[in-house]
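What follows is a short report on a single structure.
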2 protein chains.
Amino acid sequence: MEPWLIAPISAIISILAGLYFYRYVDKQDSGTDRMKEISLAIKEGARAFLKREYTILTVFVLVVGSLVGVFLPIPFWTNANPLENLTLSLSYFFGAFLSALAGYFGMDIATRANAKAAYAARGGLNKAFPIGFRGGAVMGLAVVGFSLLGISIVYAITRNPGAVLGFSFGASALALFAKAGGGIYTKTADISADLVGKVELGIPEDDPRNPAVIADNVGDNVGDVAGMGADLADSYIASITAVMILGAAIGLMQLEIGLVFAGLGIIASIIGALTLRIGAKGNPGKALNMGTYATTIIFLILTFAVSYYLGYDLRLWGAALTGLTAGIVIGVTSDYFTSGDKNPVMKTAESSKTGSATTIITGFSYGLQSVFPPLLGIGVASAIAFYLAGVFGIALAALGMLSIVGLVISNDAYGPIVDNSRGIAEQAGLGDEVIRITDELDAAGNTAKAITKGFAIGAAGLTVIALLAAFQEIATSAGQAVVFDVMNPLVLMGALIGVAMPALFSALLMLGVGRNAERMISEIRRQFREIPGLREGKEGVKPDYARCVDIATTGALRELLPASVVTIAVTLAVGFVGGIPALGGYLAGSIFSGLLLALLMSNSGGLWDNAKKLIETGVHGGKGSDAHKAAVVGDTVGDPFKDTAGPSLNTMITVMSLVASIFAVLIVQYNLLGMLGF
Amino acid sequence: MEPWLIAPISAIISILAGLYFYRYVDKQDSGTDRMKEISLAIKEGARAFLKREYTILTVFVLVVGSLVGVFLPIPFWTNANPLENLTLSLSYFFGAFLSALAGYFGMDIATRANAKAAYAARGGLNKAFPIGFRGGAVMGLAVVGFSLLGISIVYAITRNPGAVLGFSFGASALALFAKAGGGIYTKTADISADLVGKVELGIPEDDPRNPAVIADNVGDNVGDVAGMGADLADSYIASITAVMILGAAIGLMQLEIGLVFAGLGIIASIIGALTLRIGAKGNPGKALNMGTYATTIIFLILTFAVSYYLGYDLRLWGAALTGLTAGIVIGVTSDYFTSGDKNPVMKTAESSKTGSATTIITGFSYGLQSVFPPLLGIGVASAIAFYLAGVFGIALAALGMLSIVGLVISNDAYGPIVDNSRGIAEQAGLGDEVIRITDELDAAGNTAKAITKGFAIGAAGLTVIALLAAFQEIATSAGQAVVFDVMNPLVLMGALIGVAMPALFSALLMLGVGRNAERMISEIRRQFREIPGLREGKEGVKPDYARCVDIATTGALRELLPASVVTIAVTLAVGFVGGIPALGGYLAGSIFSGLLLALLMSNSGGLWDNAKKLIETGVHGGKGSDAHKAAVVGDTVGDPFKDTAGPSLNTMITVMSLVASIFAVLIVQYNLLGMLGF
């Protein structure tokens, strides 16, 4: 058997394990009629979002995929082998399709598991926890399974890493929409629901009279389940692609080692997910972390054994180990800066006593500090990986970090499920004890989420560095060997433009949230005005939830479009004007500032959120105090930071890197400054 | 006559012109006794700050200068020519001394001109304006005069650009303290005075009972006159140094052309300052801008003529022209993003209607957008300059941008002078018409300030790029020719660490403001508690202003120290561990993120300030409305952004670059990874 076949085999096992968890969750009791009703409304909202999103995306993907087929890797009429164009185009469609499919399954089960976990919480923590976790694991295992199966199929048919690049680009395009679009969606709904419901009308949060309440509940699933899943899948696929492209330049073993390691990572994740237990008196946060550590160790043992057995250079294994270690270090840093019992959150909560301005300044300052350890970690890890195996080692480090992504996504998707459980428990009146239990489940989800975000950014960082190397490799193969020397004026110019791009992209997303919220607010006001009896809560009168979901969805995708178009257009403009050196510098610059801004925004956002929660436990005056009001401002500022702009930057820089790689051959041939003789 | 002698001659003329303006301002009437009293108190406070600052700095400078003498460029006991160590050390002291002297003169006249301009405003705008402007011009002309004279003396004695590097490092060390220390000082005083006075006790702003009122008034002078002057002088000297070091590698003409161009720039600035007129019905903002344009054109004509006459390659002139053009483009961008009649400020003001969180999000988003044009401008300018004359061209572009800095500093120092005039006019009861006139003067100052800040950041950007080239040149001369290839693992690791440094530095400064304000607040409260009759405003009872000034000063310098030490220590650690490649990457990374954060913070801070002012003109409910309260939060967040952290980053990255260059020879010989054989 060829060793790389472990990849499709593991992928199929992963999908089967996902199905097993799906059935496990599915057969649990969904609880009372009221609970089913709420859960169904969330599910319908999420489906409405996906339907709308996929409708728009189909057009986008068809257009881009056709352009890929016509022009890439070089225009088909100049290509001696035009079949190459067709293959690339089909791989692109395939990547986009599989990514969409995984998102659909994951969101579907997440929106069912919420009520079931809430209902099970009546029997205690250890009844409810497995439902939440396994609901998340469906998403995690489906994403990695579909991703790796897709890559394997493309590779089996074409034996060409270039085609895998097309697959990766397809998945990335989907991810950009899912993550950034979901991010705009979730914050639009959140802000609008609060502003009209709580502030203007004084009705409680999650009140069913509020037309935006379902849109708001849907938001968690859209942003955190589908969005984060697509983001990590995007990095996962991209890191395997980078390993294959860089490996292909060395030899067949190096080309295929990524598939082998990824396959073993899936097996480790499945074992980790299956054996994850909370115990009778267990702590859910601890259980999730133990699962991560167990999976890491299993992965290291498996890869070491297989490397030894197949005679791989153990330095390659060392490179993967380096990345994995860095991933955990970064996760721990995020945890430190965003945990309620650590200094940054406590100091920020304290500064809320002197008003919202000091809350913002203090939280932002800690956010700025928080970028140092992860950047140092990524820097050191890539240097070590390089010494072990050259740029190929950096790609392996990225892959190592992402190898356990099946479990990481599972942990992450657990968060919004149990978050929804808490909301359902409260709305359906399941009593204080159940709410206490779901609170505990939710708290563990928040910690897991903070770690996942740090992990996602770190992984994206290593991946895009590897993609930069892959880009260089493709350009070299196409006849232009370029060193990305910072003192080369084209590289420098590209780098300075690249530095500005993540800032511009974040700004467009955040301003988009503001505009979208304005539209949604008028719709909510309109419903309260025009639907008789709604405001008074008359029996049988229901708001038009779907209309709000639709507005949030359409608006989110509409606001996302300029940001996405700018990203791709500027990347191509830099490439076709300045050529490979400018584009290389541009990618490097965007990696630097993208990592900086992503870490800053994610961590400061998480920190403000938890500072507010800390005050709500009663310190500094507790809920309703002036300190609490100031902390709420911090939290509101942090929301688009951490849920819209910050994490979308991962996907953005990955997309830019893939666009650069996929256009590299064309750019080598046609670039303005090159043609002018510079 | 040797052409470069134009530098010392112009420098002396500049100092004489400064003296002429000094006498002009000095002989104006300082007004009523009450006005003299207020002006004197501000002056005494400013002197107290300088005294305290210079006391601490003397120790710091002595320690660092001695270390320089012992260890640099290589340890004196290993140096065949130990006189080189002594020269470097003396140049360092000389640079620090002259920088301190220029700061002293500038601040002295600024704190006299304020009352005089206020008193002259009784006679109309065109009586008051020249006093404000010429007061600022004393600072501007003194700074460039002392700087260029110092460089000329060092060069005349040593004929060695290496010694000029020592001079530049000395001036930079001073600038770091002046700018970042002044930034912490001014915000400490501002926040503390407001919080106890306005919020706790409900007494008006600028009330003489408030023990912090003088400290607050002093703050403007400390931060904007002395700080910004030192910052621009630092870049100015550094850019000339970079031209000399890079030019020395080419030939004597290239080595000296920087001095020639700088000399001509001073002459242009003097002519611009002398001919600047407001006219009978003039607009002060327009007058300042016309002065800048006139100076630019005079500079370009002079340098073109001299280049032609001396037979310089006109491409060198073109490189300087490129930099100057970029400087103006960047200034115009800052103006767009921070002007009250443009979209960003108007939209931010509008978003204040929905609360402080949306004010922050909108303003921050526009701040993020505002980084794009300047980074593009710097990128394109450096690429063009490079094509004209290689990396030497980039240094000339930086110098070109900074050539008219004499006038730029004059315009900038005008701001705090007329700002103080307005305060004095109000406190001394000069009537509504005078206040209206000083308001108009002040508004022009704010616009000039926004442009200056953009200009300062752009200039620092080009300068540090040139310094990076100079660093590479020094390392090459010392036997280690290195290409700063982003895919070199050491360069990459350095770059990632470098990216984090400006974030860490800003965080330390901003958290320092918070801690310092806490100390000051307790002192203010203590005075109100312990001085009988103070709170009631009993006749003859005065607070202890000097104590507050002292606390703000000591605290600012104390908080600055860790940030400065971290900056220098990490730079040296990266160098002595990773060697020249890591240090080169580190500098590049810090340039990228330093520019990004500096532009973001300065522009968003200016934008929030003007959004608040826009609302105060009566839109969206005007003063006291909810929108105004939200805008005040934005302004308070923006204060440490734009006055503490943002602009200090210029100085920080310049200091890092100079430290790297000055240690380069030593690092080539001793670096851990190099010695371990990597």
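Please note that chains go A, B, ... in the order of the structure tokens, that every chain numbers its residues from 1, and that ligands are numbered from 1 in the order shown.
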
Compile the residues of chain A that lie within 7 Å of chain B, evaluated using only C-alpha atoms, and express the compilation as an MDAnalysis selection string. chainID A and resid 356:357 360:362 365:366 368:369 371:372 375:376 379:380 382:383 386 483:487 489:490 492:493 496:497 499:500 503:504 507 510:511 592:593 633 636:637

Residues near Ser192 (chain B), cut-off 9 Å, only C-alpha atoms, skip fewer than 6 positions along chain, as a VMD selection string: chain B and resid 212 216 517 to 518 520 to 521 524

Keeping only C-alpha atoms, write the selected residues to a file as an mmCIF file, in the first residue's frame.
data_model
loop_
_atom_site.group_PDB
_atom_site.id
_atom_site.type_symbol
_atom_site.label_atom_id
_atom_site.label_comp_id
_atom_site.auth_asym_id
_atom_site.auth_seq_id
_atom_site.Cartn_x
_atom_site.Cartn_y
_atom_site.Cartn_z
ATOM 1 C CA ALA B 212 -3.088 70.380 38.621
ATOM 2 C CA ASP B 216 -2.099 70.686 32.641
ATOM 3 C CA ALA B 517 -2.519 59.501 36.849
ATOM 4 C CA GLU B 518 -3.415 57.459 39.919
ATOM 5 C CA MET B 520 -1.322 62.456 40.736
ATOM 6 C CA ILE B 521 -4.983 62.077 41.603
ATOM 7 C CA ILE B 524 -4.656 66.569 44.107
#

Residues near region 660-671 of chain A, anyone? I mean within 7 Å using only C-alpha atoms, not counting same-chain ones fewer than 6 positions away, as number ranges by chain. A: 72-74, 471, 474-475, 478, 480, 575-580

Once you have the residues from the selection above, write them out as a JSON list (two decimals), in the first residue's frame, restricted to C-alpha atoms.
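Result file part.json:
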[["chain", "number", "residue", "atom", "x", "y", "z"],
["A", 72, "LEU", "CA", -5.01, 29.89, -14.94],
["A", 73, "PRO", "CA", -2.33, 28.73, -14.47],
["A", 74, "ILE", "CA", -1.84, 30.43, -17.88],
["A", 471, "PHE", "CA", 4.66, 31.05, -3.91],
["A", 474, "ILE", "CA", 6.13, 28.30, -8.00],
["A", 475, "ALA", "CA", 7.70, 31.51, -9.30],
["A", 478, "ALA", "CA", 8.10, 29.35, -13.73],
["A", 480, "GLN", "CA", 11.74, 33.77, -11.98],
["A", 575, "GLY", "CA", 1.29, 41.41, -8.79],
["A", 576, "PHE", "CA", 0.55, 42.55, -12.32],
["A", 577, "VAL", "CA", 2.24, 45.92, -11.76],
["A", 578, "GLY", "CA", 5.19, 45.09, -9.55],
["A", 579, "GLY", "CA", 5.71, 41.44, -10.44],
["A", 580, "ILE", "CA", 6.86, 38.60, -8.21]]

List the spatial neighbours of region 617-627 of chain A as a PyMOL selection string - criterion: any atom at most 6 Å away, only C-alpha atoms, same-chain residues fewer than 2 positions off excluded. chain A and resi 352-353+614-615+629-630

Between A:Pro204, A:Gly124, A:Gly415, A:Gly646, which residue has the minimum interatomic distance to Gly285 (chain A), considering only C-alpha atoms?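 Under the stated criterion, the closest residue is A:Gly415.
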
List every residue of region 309-369 of chain B that DSSP, applied to the backbone, labels as alpha helix (DSSP H), and write the result as a ChimeraX atom specification. /B:309-310,314-338,343-351,356-369

Save the residues we just selected, N, CA and C atoms, as a compact mmCIF listing (two decimals), in the first residue's frame?
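The result, stored in result.txt:
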# COMPACT_ATOMS: atom_id res chain seq x y z
N TYR B 309 24.89 73.84 -10.68
CA TYR B 309 26.14 74.59 -10.59
C TYR B 309 27.30 73.69 -10.17
N LEU B 310 27.05 72.79 -9.21
CA LEU B 310 28.13 71.93 -8.70
C LEU B 310 28.28 70.65 -9.50
N LEU B 314 21.49 64.94 -11.47
CA LEU B 314 20.17 65.48 -11.14
C LEU B 314 19.22 64.41 -10.62
N ARG B 315 19.59 63.16 -10.79
CA ARG B 315 18.73 62.11 -10.21
C ARG B 315 18.75 62.19 -8.68
N LEU B 316 19.86 62.70 -8.13
CA LEU B 316 19.91 62.85 -6.66
C LEU B 316 18.91 63.91 -6.23
N TRP B 317 18.85 64.98 -6.99
CA TRP B 317 17.86 66.02 -6.71
C TRP B 317 16.45 65.43 -6.83
N GLY B 318 16.28 64.58 -7.83
CA GLY B 318 14.98 63.94 -8.04
C GLY B 318 14.58 63.10 -6.83
N ALA B 319 15.55 62.43 -6.23
CA ALA B 319 15.24 61.60 -5.06
C ALA B 319 14.74 62.48 -3.91
N ALA B 320 15.41 63.62 -3.71
CA ALA B 320 14.96 64.53 -2.64
C ALA B 320 13.56 65.06 -2.94
N LEU B 321 13.32 65.39 -4.21
CA LEU B 321 12.00 65.88 -4.63
C LEU B 321 10.93 64.83 -4.33
N THR B 322 11.27 63.56 -4.60
CA THR B 322 10.32 62.47 -4.34
C THR B 322 9.90 62.44 -2.87
N GLY B 323 10.88 62.54 -1.99
CA GLY B 323 10.58 62.50 -0.57
C GLY B 323 9.70 63.66 -0.14
N LEU B 324 10.03 64.83 -0.65
CA LEU B 324 9.29 66.03 -0.28
C LEU B 324 7.84 65.91 -0.75
N THR B 325 7.66 65.40 -1.96
CA THR B 325 6.30 65.22 -2.48
C THR B 325 5.53 64.24 -1.60
N ALA B 326 6.19 63.14 -1.23
CA ALA B 326 5.52 62.15 -0.37
C ALA B 326 5.11 62.80 0.95
N GLY B 327 5.99 63.63 1.50
CA GLY B 327 5.68 64.30 2.78
C GLY B 327 4.40 65.11 2.68
N ILE B 328 4.26 65.81 1.58
CA ILE B 328 3.06 66.65 1.44
C ILE B 328 1.82 65.78 1.24
N VAL B 329 1.95 64.71 0.46
CA VAL B 329 0.81 63.80 0.26
C VAL B 329 0.36 63.22 1.60
N ILE B 330 1.32 62.81 2.42
CA ILE B 330 0.98 62.21 3.72
C ILE B 330 0.29 63.23 4.62
N GLY B 331 0.82 64.46 4.60
CA GLY B 331 0.20 65.51 5.40
C GLY B 331 -1.24 65.76 4.98
N VAL B 332 -1.48 65.75 3.67
CA VAL B 332 -2.83 65.99 3.17
C VAL B 332 -3.77 64.85 3.59
N THR B 333 -3.27 63.62 3.59
CA THR B 333 -4.09 62.49 4.04
C THR B 333 -4.49 62.64 5.50
N SER B 334 -3.51 62.97 6.35
CA SER B 334 -3.83 63.15 7.77
C SER B 334 -4.88 64.22 7.91
N ASP B 335 -4.74 65.28 7.10
CA ASP B 335 -5.69 66.37 7.17
C ASP B 335 -7.09 65.88 6.81
N TYR B 336 -7.18 65.07 5.76
CA TYR B 336 -8.49 64.55 5.35
C TYR B 336 -9.14 63.74 6.48
N PHE B 337 -8.35 62.86 7.09
CA PHE B 337 -8.94 61.97 8.08
C PHE B 337 -9.23 62.64 9.42
N THR B 338 -8.70 63.84 9.62
CA THR B 338 -8.91 64.47 10.93
C THR B 338 -9.60 65.82 10.86
N ASN B 343 -15.56 63.64 5.63
CA ASN B 343 -16.39 62.47 5.95
C ASN B 343 -16.03 61.72 7.24
N PRO B 344 -14.75 61.35 7.45
CA PRO B 344 -14.45 60.52 8.63
C PRO B 344 -14.89 61.17 9.95
N VAL B 345 -14.56 62.43 10.13
CA VAL B 345 -14.94 63.10 11.39
C VAL B 345 -16.46 63.25 11.46
N MET B 346 -17.08 63.60 10.34
CA MET B 346 -18.53 63.81 10.37
C MET B 346 -19.28 62.52 10.68
N LYS B 347 -18.83 61.40 10.07
CA LYS B 347 -19.48 60.11 10.33
C LYS B 347 -19.26 59.67 11.77
N THR B 348 -18.05 59.92 12.28
CA THR B 348 -17.77 59.53 13.66
C THR B 348 -18.64 60.34 14.62
N ALA B 349 -18.77 61.63 14.33
CA ALA B 349 -19.63 62.47 15.17
C ALA B 349 -21.06 61.94 15.12
N GLU B 350 -21.50 61.55 13.93
CA GLU B 350 -22.87 61.05 13.79
C GLU B 350 -23.04 59.75 14.58
N SER B 351 -22.01 58.89 14.55
CA SER B 351 -22.13 57.61 15.25
C SER B 351 -22.17 57.81 16.76
N SER B 356 -21.09 55.64 23.11
CA SER B 356 -19.63 55.73 23.04
C SER B 356 -19.01 54.54 22.33
N ALA B 357 -19.65 53.35 22.43
CA ALA B 357 -19.07 52.18 21.77
C ALA B 357 -19.01 52.38 20.26
N THR B 358 -20.08 52.90 19.67
CA THR B 358 -20.06 53.10 18.22
C THR B 358 -19.10 54.23 17.84
N THR B 359 -18.95 55.23 18.72
CA THR B 359 -17.95 56.27 18.46
C THR B 359 -16.57 55.65 18.33
N ILE B 360 -16.26 54.76 19.28
CA ILE B 360 -14.93 54.14 19.27
C ILE B 360 -14.77 53.28 18.02
N ILE B 361 -15.76 52.45 17.73
CA ILE B 361 -15.64 51.52 16.59
C ILE B 361 -15.49 52.30 15.29
N THR B 362 -16.34 53.32 15.11
CA THR B 362 -16.28 54.06 13.84
C THR B 362 -14.95 54.81 13.71
N GLY B 363 -14.56 55.51 14.77
CA GLY B 363 -13.31 56.27 14.70
C GLY B 363 -12.11 55.36 14.49
N PHE B 364 -12.11 54.24 15.19
CA PHE B 364 -11.00 53.29 15.05
C PHE B 364 -10.96 52.75 13.63
N SER B 365 -12.14 52.48 13.05
CA SER B 365 -12.18 51.96 11.68
C SER B 365 -11.60 52.97 10.70
N TYR B 366 -11.98 54.24 10.85
CA TYR B 366 -11.40 55.25 9.95
C TYR B 366 -9.90 55.38 10.20
N GLY B 367 -9.50 55.25 11.45
CA GLY B 367 -8.07 55.26 11.74
C GLY B 367 -7.35 54.15 11.00
N LEU B 368 -7.97 52.97 10.97
CA LEU B 368 -7.37 51.85 10.24
C LEU B 368 -7.29 52.16 8.74
N GLN B 369 -8.34 52.76 8.22
CA GLN B 369 -8.31 53.11 6.79
C GLN B 369 -7.23 54.12 6.48

Taking into account only C-alpha atoms, which residue in the set A:Ser239, A:Ser522, A:Asn85, A:Thr111 is nearest to Gly400 (chain A)?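 So, comparing all the options, the nearest one is A:Ser239.
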
Taking into account only C-alpha atoms, which residue in the set B:Leu599, B:Ala443, B:Leu148, B:Val222 is nearest to Ile12 (chain B)?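 Among the listed residues, the smallest separation from Ile12 (chain B) belongs to B:Leu148.
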
So, with only C-alpha atoms as the atoms that count, which of B:Gly454, B:Gly247, B:Leu288, B:Ile42 lies closest to Ala389 (chain B)?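 Residue with the minimum atom-to-atom distance to Ala389 (chain B): B:Gly247.
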
Neighbours of Tyr22 (chain A) within 12 Å (only C-alpha atoms; same-chain residues fewer than 2 positions away dropped), as a PyMOL selection string? chain A and resi 15-20+24-28+105-113+130-142

12 Å contact set for Leu252 (chain B), only C-alpha atoms, chain neighbours under 2 positions out, as a ChimeraX atom specification: /B:2-4,159-161,243-250,254-259,312
